[in-house]
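*Asks:* Structure below; questions to follow.
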Amino acid sequence: MGRILLVCRLAVRDLRRRRAETVLLLLAIMAATTTLTLGLVLRDAAADPYRSTREATGGPDVVVVGGDRTARLPGLAELEKLAGAPGVVGHSGPYPVVPAKFRAADRTSDVQVVGRDTAPAPVDQPEIVQGGWVGDGGVVVEAAFAAALDVRVGDPVTLDGRSFTVVGTAVTAALSPYPGASCIVPAGCMSDVVPGDPAGAGQPAGLLHEPGLVWLTRADLRSLTPDPGSPAYVMNLRLADADEARAFVDAHQRGHGGAALMQTWEDIRDDATELAADSQILLLIGAWLLGLLAVAGLSVLVGGRTADQTRRVGLLKGAGGTPGLIAVVLLAEYVLVAVVAAAAGLVAGSLAAPLLTGPGAGLVGGAGTPSMTVSTAVSVTAVALGVAVAATIVPVVRAARSSTVAALADAPRPPRRVGPLIAVSARLPVPLLLALRVAARRPRRTVLGAVSIAITVSGMYVLLVLDAFLAAQPLAGAYDGAQVEVLRRVLLVWTVVLLCLAAVNAVAVTWATVLDNRHSSALARALGATPGEVSAALAAAQVLPALAGAVAGVFPGGPALFAAINAITGGDGGRVAAPSPWQLLALVSATVLTVAALTSVPARLGGRRPVAETL
């Protein structure tokens with residue numbers, strides 16, 4: 001217990017003495033844990049958002065659409081036969097369905113109107129979110145559709161010109177939520193405008209565009225359709241074994257010559273969770289990128305901190321500390337930061353999660369209400385600890401194994417003599433001369449800095465591609481407007497966190513370089529270099545690798561990352577266009593200028609340290 005207390009006290013004291021570096025460490029790990037938390041929360045939501053809705057509504061295993069006057073669909077008699085087919089243990093309906101024009105305030109939309117009984121149904125009884133169930137003159141609006149049109153309980157609306165009052169909003173497991181609602185009218189539906197035909201000209205008559213879903217009483221629905229034989233009908237079936245839904249559909253579709261319109265609960269689930277799954281993929285890919293950035297940045301920052309703690313290591317060894325104790329003390333600092341960063345990332349991720357959901361979720365306990373689980377907390381904490389240990393284990397062990405005499409002397413590291421570099425740099429201005437020699441002094445750090453920038457620029461390349469793709473929606477036919485807004489919020493989170501971590505890395509690399517070169521910088525000033533020249537050299541030592549990393553990120557890093565994402569997701573890279581040359585040039589230029597601005601402050605501070613005190 002005494003040893004553990006000693007380690008904790010030493011670790012906390014050292015973190016308090018170096019608060020700026022501690023904050024940088026915290027931000028670097030927290031950026032990765034926040035994004036990972038978002039990805040895992042949406043993963044859990046996308047993995048099982050439909051089950052809770054099925055349980056709450058008594059959802060069907062198979063949904064069948066038919067109609068007496070539609071030759072390609074089974075009639076009412078055939079629907080009744082399906083209700084008694086082997087394997088069917090329950091059903092509701094058939095319920096009449098008609099298309100209509102829905103108008104609320106100044107907004108108009110196509111809808112599919114289902115006539116329901118006022119009594120609860122044994123299969124697919126929509127779960128009320130607000131208000132109540134259908135009654136005379138009252139309409140219940142599907143919850144996601146209501147949110148998209150900003151419709152509330154008590155609002156007056158019209159259906160094909162007839163006035164109704166919204167008495168409730170509800171969710172169902174029989175159809176996927178708006179705007180991807182399943183089509184249950186014979187005329188057909190389209191979820192997006194066809195490219196080159198934004199007005200929908202030339203489309204079949206009666207085709208519904210992104211229809212919503214509403215429920216009326218059967219009597220109110222008949223008032224919309226005077227001809228009793230004109231509606232289509234929808235029936236919900238419950239099977240003895242829900243896993244046999246696909247086999248049931250295949251068998252009975254063959255019985256109708258492939259004409260029956262049937263959907264299994266698995267089909268509806270896949271449609272309902274598609275958006276959350278896409279968001280989860282983007283966030284988890286972003287979390288991997290941020291994890292790599294965090295390891296690169298922490299490796300540099302920890303190396304700089306360890307170099308600055310050389311004399312402290314010697315004092316601990318001189319006081320009787322073993323190499324094992326020294327390693328535990330140094331490692332404990334980063335473990336504590338990792339634990340705090342994991343907790344902060346979990347909180348930030350859970351608070352930001354509602355921003356990544358939209359009115360298209362519309363499921364009870366689904367993507368619209370992501371929850372924090374023990375497994376998520378454990379996973380995020382494990383990743384934070386893994387990043388911290390992976391980035392710190394090598395410099396910590398190296399410091400712990402150093403000799404006591406060398407550590408107490410804290411002698412400057414002798415520079416590497418590279419003949420060609422000396423010959424080239426000798427002809428350059430003083431800031432560039434010193435910059436090249438600073439970069440050559442720590443080649444591993446220089447490479448890590450360039451790799452960090454390359455990862456960031458590669459991520460930005462992919463973001464440019466995805467942003468251009470989403471800008472073409474919904475005309476491109478992949479996502480509608482509401483889904484585009486949700487995915488844009490996901491990309492915004494990815495962009496902000498990626499840029500913040502890259503900025504932290506740039507500052508961390510510069511500060512580590514300042515610490516490591518404090519003796520050589522003081523010597524250069526003693527030999528005639530001005531503080532401004534030393535500061536410019538320290539900043540230029542980061543700008544040169546940043547330029548190389550930015551170019552590598554634009555090509556081949558960016559295209560390679562996008563190809564990897566397509567391979568993982570099964571996407572079609574041919575549907576998107578690469579960023580234009582001017583965009584790539586602007587990206588490289590902005591990266592170099594940003595790195596120069598971020599590194600100027602720590603470089604200026606390092607270049608103005610008193611020479612006598614440093615030497």
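By order of appearance in the structure tokens: chains A, B, ..., then residues from 1 within every chain, and ligands from 1 in the order shown.
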At a cut-off of 10 Å, using only C-alpha atoms, what residues contact Pro120 (chain A)? Leave out same-chain residues fewer than 5 positions from it and give the result as a PyMOL selection string.
*Replies:* chain A and resi 92+125-126+133
*Asks:* Taking 6 positions as the minimum chain separation for residues in the same chain, which residues sit within 12 Å of Thr594 (chain A) when counting only C-alpha atoms? Answer as an MDAnalysis selection string.
*Replies:* chainID A and resid 453 499:500 502:504 506:507 539 542:543 546:547 550 586:588 600
*Asks:* Go ahead and save the picked residues with C-alpha atoms, as a PDB file, in the first residue's frame.
*Replies:*
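Okay, this is what ended up in part.pdb:
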```pdb
ATOM      1  CA  ILE A 453       0.081  15.437 -40.845  1.00  0.00           C
ATOM      2  CA  LEU A 499      -8.423  19.044 -36.701  1.00  0.00           C
ATOM      3  CA  CYS A 500      -8.271  19.579 -32.939  1.00  0.00           C
ATOM      4  CA  ALA A 502      -3.870  17.452 -35.331  1.00  0.00           C
ATOM      5  CA  ALA A 503      -3.429  20.902 -33.769  1.00  0.00           C
ATOM      6  CA  VAL A 504      -2.581  19.351 -30.404  1.00  0.00           C
ATOM      7  CA  ALA A 506       1.603  20.027 -33.914  1.00  0.00           C
ATOM      8  CA  VAL A 507       1.958  21.969 -30.668  1.00  0.00           C
ATOM      9  CA  ALA A 539       9.048  26.484 -36.224  1.00  0.00           C
ATOM     10  CA  GLN A 542       7.974  21.434 -38.018  1.00  0.00           C
ATOM     11  CA  VAL A 543       6.804  23.156 -41.204  1.00  0.00           C
ATOM     12  CA  ALA A 546       4.318  19.165 -42.431  1.00  0.00           C
ATOM     13  CA  LEU A 547       4.735  20.064 -46.109  1.00  0.00           C
ATOM     14  CA  ALA A 550       0.520  17.182 -46.527  1.00  0.00           C
ATOM     15  CA  ALA A 586      -5.726  24.857 -50.912  1.00  0.00           C
ATOM     16  CA  LEU A 587      -5.677  21.895 -48.490  1.00  0.00           C
ATOM     17  CA  VAL A 588      -1.879  21.598 -48.641  1.00  0.00           C
ATOM     18  CA  SER A 600       5.159  29.806 -33.740  1.00  0.00           C
TER      19      SER A 600
END
```
*Asks:* So which one's closest to Val496 (chain A), A:Ala578, A:Ala590, A:Leu290, A:Gly87? Using only C-alpha atoms, please.
*Replies:*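 Looking at the shortest contact to Val496 (chain A), the residue is A:Leu290.
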*Asks:* I'd like the neighbourhood of region 146-159 of chain A as an NGL selection string, where a residue qualifies if any of its atoms comes within 8 Å (using only C-alpha atoms), though same-chain residues fewer than 3 positions away should be ignored.
*Replies:* :A and (100-105 or 107 or 130-131 or 141-143 or 162-169 or 224 or 359-360 or 482)
*Asks:* So which residues touch Thr510 (chain A) within 12 Å, counting only C-alpha atoms, skipping near sequence neighbours fewer than 3 positions away, as a PyMOL selection string?
*Replies:* chain A and resi 21+297+300-301+304+435+438-439+445-446+448-449+503-507+513-518+535-543+545-546+595-607
*Asks:* Go ahead and write the selection's residues with N, CA and C atoms as a short mmCIF file (atom, residue, chain, number, x, y, z; two decimals), in the first residue's frame.
*Replies:*
```cif
data_model
loop_
_atom_site.label_atom_id
_atom_site.label_comp_id
_atom_site.auth_asym_id
_atom_site.auth_seq_id
_atom_site.Cartn_x
_atom_site.Cartn_y
_atom_site.Cartn_z
N GLU A 21 1.48 20.55 -20.54
CA GLU A 21 1.71 19.28 -21.22
C GLU A 21 0.65 18.26 -20.82
N GLY A 297 1.18 11.46 -31.79
CA GLY A 297 1.39 12.67 -31.00
C GLY A 297 1.89 12.37 -29.60
N VAL A 300 5.64 11.43 -29.36
CA VAL A 300 6.52 12.59 -29.39
C VAL A 300 6.47 13.35 -28.07
N LEU A 301 5.27 13.57 -27.58
CA LEU A 301 5.12 14.36 -26.35
C LEU A 301 5.72 13.64 -25.16
N GLY A 304 9.46 13.89 -25.27
CA GLY A 304 9.91 15.19 -24.80
C GLY A 304 9.81 15.33 -23.29
N ALA A 435 17.11 24.79 -38.75
CA ALA A 435 15.92 23.95 -38.87
C ALA A 435 16.27 22.57 -39.40
N VAL A 438 18.03 20.65 -36.71
CA VAL A 438 17.10 20.23 -35.65
C VAL A 438 16.29 19.02 -36.10
N ALA A 439 15.82 19.05 -37.36
CA ALA A 439 15.04 17.93 -37.88
C ALA A 439 15.89 16.66 -37.98
N ARG A 445 11.30 11.58 -34.59
CA ARG A 445 10.30 12.60 -34.29
C ARG A 445 9.86 13.30 -35.57
N THR A 446 10.79 13.57 -36.46
CA THR A 446 10.45 14.22 -37.72
C THR A 446 9.50 13.34 -38.53
N LEU A 448 7.48 11.00 -37.35
CA LEU A 448 6.19 10.95 -36.67
C LEU A 448 5.37 12.21 -36.95
N GLY A 449 6.04 13.36 -36.96
CA GLY A 449 5.33 14.60 -37.28
C GLY A 449 4.77 14.59 -38.70
N ALA A 503 -4.00 19.68 -34.35
CA ALA A 503 -3.43 20.90 -33.77
C ALA A 503 -2.68 20.59 -32.48
N VAL A 504 -3.27 19.75 -31.64
CA VAL A 504 -2.58 19.35 -30.40
C VAL A 504 -1.26 18.67 -30.73
N ASN A 505 -1.28 17.78 -31.74
CA ASN A 505 -0.04 17.09 -32.12
C ASN A 505 1.03 18.07 -32.59
N ALA A 506 0.62 19.06 -33.40
CA ALA A 506 1.60 20.03 -33.91
C ALA A 506 2.24 20.80 -32.77
N VAL A 507 1.42 21.25 -31.82
CA VAL A 507 1.96 21.97 -30.67
C VAL A 507 2.84 21.05 -29.82
N THR A 513 10.29 19.40 -29.30
CA THR A 513 11.51 19.82 -29.99
C THR A 513 12.20 20.95 -29.24
N VAL A 514 11.41 21.88 -28.70
CA VAL A 514 11.98 22.99 -27.91
C VAL A 514 12.72 22.44 -26.70
N LEU A 515 12.09 21.50 -25.99
CA LEU A 515 12.73 20.94 -24.79
C LEU A 515 14.01 20.18 -25.14
N ASP A 516 13.93 19.40 -26.21
CA ASP A 516 15.07 18.57 -26.57
C ASP A 516 16.24 19.38 -27.11
N ASN A 517 15.93 20.56 -27.68
CA ASN A 517 16.99 21.37 -28.29
C ASN A 517 17.33 22.61 -27.47
N ARG A 518 16.97 22.59 -26.18
CA ARG A 518 17.22 23.79 -25.38
C ARG A 518 18.71 24.09 -25.27
N SER A 535 13.87 30.97 -32.93
CA SER A 535 12.43 30.69 -32.95
C SER A 535 11.97 30.27 -34.34
N ALA A 536 12.42 30.98 -35.36
CA ALA A 536 12.06 30.64 -36.74
C ALA A 536 12.57 29.25 -37.11
N ALA A 537 13.76 28.90 -36.62
CA ALA A 537 14.32 27.58 -36.91
C ALA A 537 13.48 26.48 -36.28
N LEU A 538 13.08 26.68 -35.03
CA LEU A 538 12.27 25.66 -34.35
C LEU A 538 10.92 25.48 -35.05
N ALA A 539 10.32 26.60 -35.51
CA ALA A 539 9.05 26.48 -36.22
C ALA A 539 9.24 25.85 -37.59
N ALA A 540 10.31 26.25 -38.30
CA ALA A 540 10.55 25.69 -39.63
C ALA A 540 10.85 24.20 -39.57
N ALA A 541 11.42 23.74 -38.45
CA ALA A 541 11.69 22.31 -38.29
C ALA A 541 10.41 21.49 -38.28
N GLN A 542 9.27 22.12 -37.98
CA GLN A 542 7.97 21.43 -38.02
C GLN A 542 7.27 21.67 -39.35
N VAL A 543 7.50 22.83 -39.96
CA VAL A 543 6.80 23.16 -41.20
C VAL A 543 7.31 22.28 -42.35
N PRO A 545 8.53 19.06 -42.35
CA PRO A 545 7.86 17.75 -42.35
C PRO A 545 6.36 17.87 -42.62
N ALA A 546 5.75 18.98 -42.18
CA ALA A 546 4.32 19.16 -42.43
C ALA A 546 4.04 19.27 -43.93
N VAL A 595 0.08 24.86 -39.50
CA VAL A 595 1.18 24.32 -38.69
C VAL A 595 2.15 25.44 -38.33
N ALA A 596 2.43 26.31 -39.29
CA ALA A 596 3.34 27.43 -39.00
C ALA A 596 2.77 28.32 -37.89
N ALA A 597 1.48 28.60 -37.94
CA ALA A 597 0.86 29.45 -36.91
C ALA A 597 0.85 28.75 -35.55
N LEU A 598 0.52 27.46 -35.54
CA LEU A 598 0.44 26.73 -34.26
C LEU A 598 1.81 26.57 -33.60
N THR A 599 2.83 26.39 -34.41
CA THR A 599 4.16 26.15 -33.85
C THR A 599 4.91 27.42 -33.51
N SER A 600 4.41 28.56 -33.96
CA SER A 600 5.16 29.81 -33.74
C SER A 600 5.21 30.18 -32.26
N VAL A 601 4.11 29.92 -31.53
CA VAL A 601 4.08 30.33 -30.12
C VAL A 601 5.07 29.53 -29.28
N PRO A 602 5.00 28.17 -29.26
CA PRO A 602 5.98 27.44 -28.46
C PRO A 602 7.42 27.65 -28.95
N ALA A 603 7.57 27.82 -30.28
CA ALA A 603 8.91 28.08 -30.79
C ALA A 603 9.44 29.42 -30.29
N ARG A 604 8.58 30.42 -30.24
CA ARG A 604 9.00 31.75 -29.76
C ARG A 604 9.37 31.68 -28.28
N LEU A 605 8.57 30.94 -27.50
CA LEU A 605 8.89 30.79 -26.08
C LEU A 605 10.22 30.08 -25.88
N GLY A 606 10.44 29.02 -26.68
CA GLY A 606 11.69 28.28 -26.54
C GLY A 606 12.90 29.06 -27.00
N GLY A 607 12.71 29.91 -28.01
CA GLY A 607 13.85 30.67 -28.53
C GLY A 607 14.25 31.83 -27.66
#
```
*Asks:* Compile the contact shell of region 11-13 of chain A as a list of chain:residue names: residues with an atom at most 8 Å away, counting only C-alpha atoms, same-chain residues fewer than 5 positions apart removed.
*Replies:* A:Val329, A:Leu330, A:Ala332, A:Glu333
*Asks:* Going by DSSP on the backbone, which residues of region 490-587 of chain A come out as alpha helix (DSSP H)? List them as a ChimeraX atom specification.
*Replies:* /A:490-516,518-526,531-552,558-569,581-587
*Asks:* From a DSSP pass on the backbone, collect the residues of region 130-218 of chain A flagged as strand (DSSP E) and hand them back as an NGL selection string.
*Replies:* :A and (130-131 or 138-142 or 156-159 or 162-171 or 189-190 or 208-209 or 212-217)
*Asks:* Residues of the last selection are to be written out with N, CA, C and O atoms, as a CSV table (one decimal), in the first residue's frame.
*Replies:*
```
chain,number,residue,atom,x,y,z
A,130,GLN,N,-46.9,10.4,-28.4
A,130,GLN,CA,-47.6,11.5,-27.8
A,130,GLN,C,-49.1,11.4,-28.1
A,130,GLN,O,-49.4,10.9,-29.2
A,131,GLY,N,-49.9,11.9,-27.3
A,131,GLY,CA,-51.4,11.9,-27.5
A,131,GLY,C,-52.0,10.6,-27.4
A,131,GLY,O,-51.7,9.8,-26.5
A,138,GLY,N,-59.9,12.1,-36.0
A,138,GLY,CA,-58.6,12.3,-35.6
A,138,GLY,C,-57.6,11.5,-36.4
A,138,GLY,O,-57.9,10.3,-36.8
A,139,VAL,N,-56.4,12.0,-36.6
A,139,VAL,CA,-55.4,11.3,-37.4
A,139,VAL,C,-54.2,11.1,-36.5
A,139,VAL,O,-53.8,12.0,-35.7
A,140,VAL,N,-53.5,10.0,-36.6
A,140,VAL,CA,-52.3,9.7,-35.8
A,140,VAL,C,-51.2,9.7,-36.9
A,140,VAL,O,-51.3,9.0,-37.9
A,141,VAL,N,-50.1,10.4,-36.6
A,141,VAL,CA,-49.0,10.6,-37.6
A,141,VAL,C,-47.8,9.8,-37.1
A,141,VAL,O,-47.5,9.8,-35.9
A,142,GLU,N,-47.2,9.1,-38.0
A,142,GLU,CA,-45.9,8.4,-37.7
A,142,GLU,C,-44.9,9.3,-37.1
A,142,GLU,O,-44.7,10.5,-37.6
A,156,PRO,N,-54.2,21.2,-36.7
A,156,PRO,CA,-55.2,20.9,-37.8
A,156,PRO,C,-54.4,20.5,-39.1
A,156,PRO,O,-53.4,21.2,-39.4
A,157,VAL,N,-54.8,19.5,-39.8
A,157,VAL,CA,-54.2,19.0,-41.0
A,157,VAL,C,-55.3,18.7,-42.0
A,157,VAL,O,-56.5,18.5,-41.6
A,158,THR,N,-54.9,18.5,-43.2
A,158,THR,CA,-55.9,18.0,-44.3
A,158,THR,C,-55.3,16.8,-45.0
A,158,THR,O,-54.1,16.7,-45.2
A,159,LEU,N,-56.2,15.9,-45.4
A,159,LEU,CA,-55.9,14.8,-46.2
A,159,LEU,C,-56.8,14.8,-47.4
A,159,LEU,O,-58.0,14.7,-47.3
A,162,ARG,N,-59.7,17.1,-47.0
A,162,ARG,CA,-60.6,16.9,-45.8
A,162,ARG,C,-59.8,17.2,-44.5
A,162,ARG,O,-58.7,16.9,-44.3
A,163,SER,N,-60.5,17.9,-43.6
A,163,SER,CA,-59.9,18.4,-42.4
A,163,SER,C,-59.9,17.3,-41.3
A,163,SER,O,-60.9,16.6,-41.1
A,164,PHE,N,-58.8,17.2,-40.6
A,164,PHE,CA,-58.6,16.3,-39.5
A,164,PHE,C,-57.8,17.0,-38.4
A,164,PHE,O,-57.1,18.0,-38.7
A,165,THR,N,-57.8,16.4,-37.2
A,165,THR,CA,-57.0,17.0,-36.1
A,165,THR,C,-56.0,15.9,-35.7
A,165,THR,O,-56.3,14.7,-35.6
A,166,VAL,N,-54.7,16.3,-35.5
A,166,VAL,CA,-53.7,15.3,-35.1
A,166,VAL,C,-54.0,15.0,-33.6
A,166,VAL,O,-53.9,15.9,-32.7
A,167,VAL,N,-54.3,13.7,-33.4
A,167,VAL,CA,-54.6,13.3,-32.0
A,167,VAL,C,-53.4,12.5,-31.4
A,167,VAL,O,-53.5,12.2,-30.2
A,168,GLY,N,-52.4,12.2,-32.2
A,168,GLY,CA,-51.3,11.5,-31.6
A,168,GLY,C,-50.2,11.3,-32.6
A,168,GLY,O,-50.4,11.4,-33.8
A,169,THR,N,-49.0,10.9,-32.1
A,169,THR,CA,-47.9,10.4,-32.9
A,169,THR,C,-47.5,9.1,-32.4
A,169,THR,O,-47.6,8.8,-31.2
A,170,ALA,N,-47.0,8.2,-33.3
A,170,ALA,CA,-46.8,6.8,-32.9
A,170,ALA,C,-45.6,6.2,-33.8
A,170,ALA,O,-45.3,6.8,-34.8
A,171,VAL,N,-45.1,5.1,-33.3
A,171,VAL,CA,-44.1,4.4,-34.0
A,171,VAL,C,-44.6,3.0,-34.3
A,171,VAL,O,-45.5,2.5,-33.6
A,189,CYS,N,-43.9,3.9,-55.0
A,189,CYS,CA,-43.3,5.1,-54.4
A,189,CYS,C,-41.9,5.2,-54.9
A,189,CYS,O,-41.2,4.3,-55.3
A,190,MET,N,-41.4,6.4,-54.8
A,190,MET,CA,-39.9,6.7,-55.0
A,190,MET,C,-39.4,7.5,-53.8
A,190,MET,O,-40.1,8.4,-53.4
A,208,LEU,N,-46.0,7.9,-55.5
A,208,LEU,CA,-45.8,8.8,-54.4
A,208,LEU,C,-44.3,9.1,-54.2
A,208,LEU,O,-43.5,8.2,-54.4
A,209,HIS,N,-44.0,10.3,-53.8
A,209,HIS,CA,-42.7,10.7,-53.6
A,209,HIS,C,-42.4,10.9,-52.1
A,209,HIS,O,-43.0,11.7,-51.4
A,212,GLY,N,-45.1,9.8,-46.3
A,212,GLY,CA,-45.1,9.5,-44.9
A,212,GLY,C,-46.2,8.5,-44.6
A,212,GLY,O,-46.8,7.9,-45.5
A,213,LEU,N,-46.5,8.3,-43.3
A,213,LEU,CA,-47.5,7.3,-42.9
A,213,LEU,C,-48.4,7.9,-41.8
A,213,LEU,O,-47.9,8.5,-40.9
A,214,VAL,N,-49.7,7.7,-42.0
A,214,VAL,CA,-50.7,8.2,-41.0
A,214,VAL,C,-51.7,7.1,-40.9
A,214,VAL,O,-51.9,6.3,-41.7
A,215,TRP,N,-52.4,7.2,-39.7
A,215,TRP,CA,-53.5,6.2,-39.4
A,215,TRP,C,-54.8,7.0,-39.2
A,215,TRP,O,-54.8,8.0,-38.5
A,216,LEU,N,-55.9,6.4,-39.8
A,216,LEU,CA,-57.2,6.9,-39.5
A,216,LEU,C,-58.1,5.8,-39.1
A,216,LEU,O,-57.7,4.6,-39.2
A,217,THR,N,-59.3,6.1,-38.6
A,217,THR,CA,-60.3,5.0,-38.5
A,217,THR,C,-60.7,4.5,-39.8
A,217,THR,O,-60.6,5.2,-40.8
```
*Asks:* So that I can check the surroundings of Ala174 (chain A), please list as a list in words every protein, DNA and RNA residue that reaches within 7 Å of it, counting only C-alpha atoms and ignoring chain neighbours fewer than 2 positions away.
*Replies:*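 Once the nearby chain positions are removed, what remains is Gly59, Pro60, Val63, Asp124, Thr172 and Ser176 of chain A.
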*Asks:* In Å, rounded to a single decimal, give me how far CA of Ala121 (chain A) is from CA of Ile184 (chain A).
*Replies:*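 CA of Ala121 (chain A) lies 18.9 Å from CA of Ile184 (chain A).
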*Asks:* I'd like the neighbourhood of Ala240 (chain A) as number ranges by chain, where a residue qualifies if any of its atoms comes within 10 Å (using only C-alpha atoms), though same-chain residues fewer than 5 positions away should be ignored.
*Replies:* A: 61, 86-90, 245
*Asks:* From the options A:Arg19, A:Ser350, A:Ser182, A:Arg218, which residue's atoms come nearest to Val134 (chain A), counting only C-alpha atoms?
*Replies:*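 Of all the options, A:Arg218 lies closest to Val134 (chain A).
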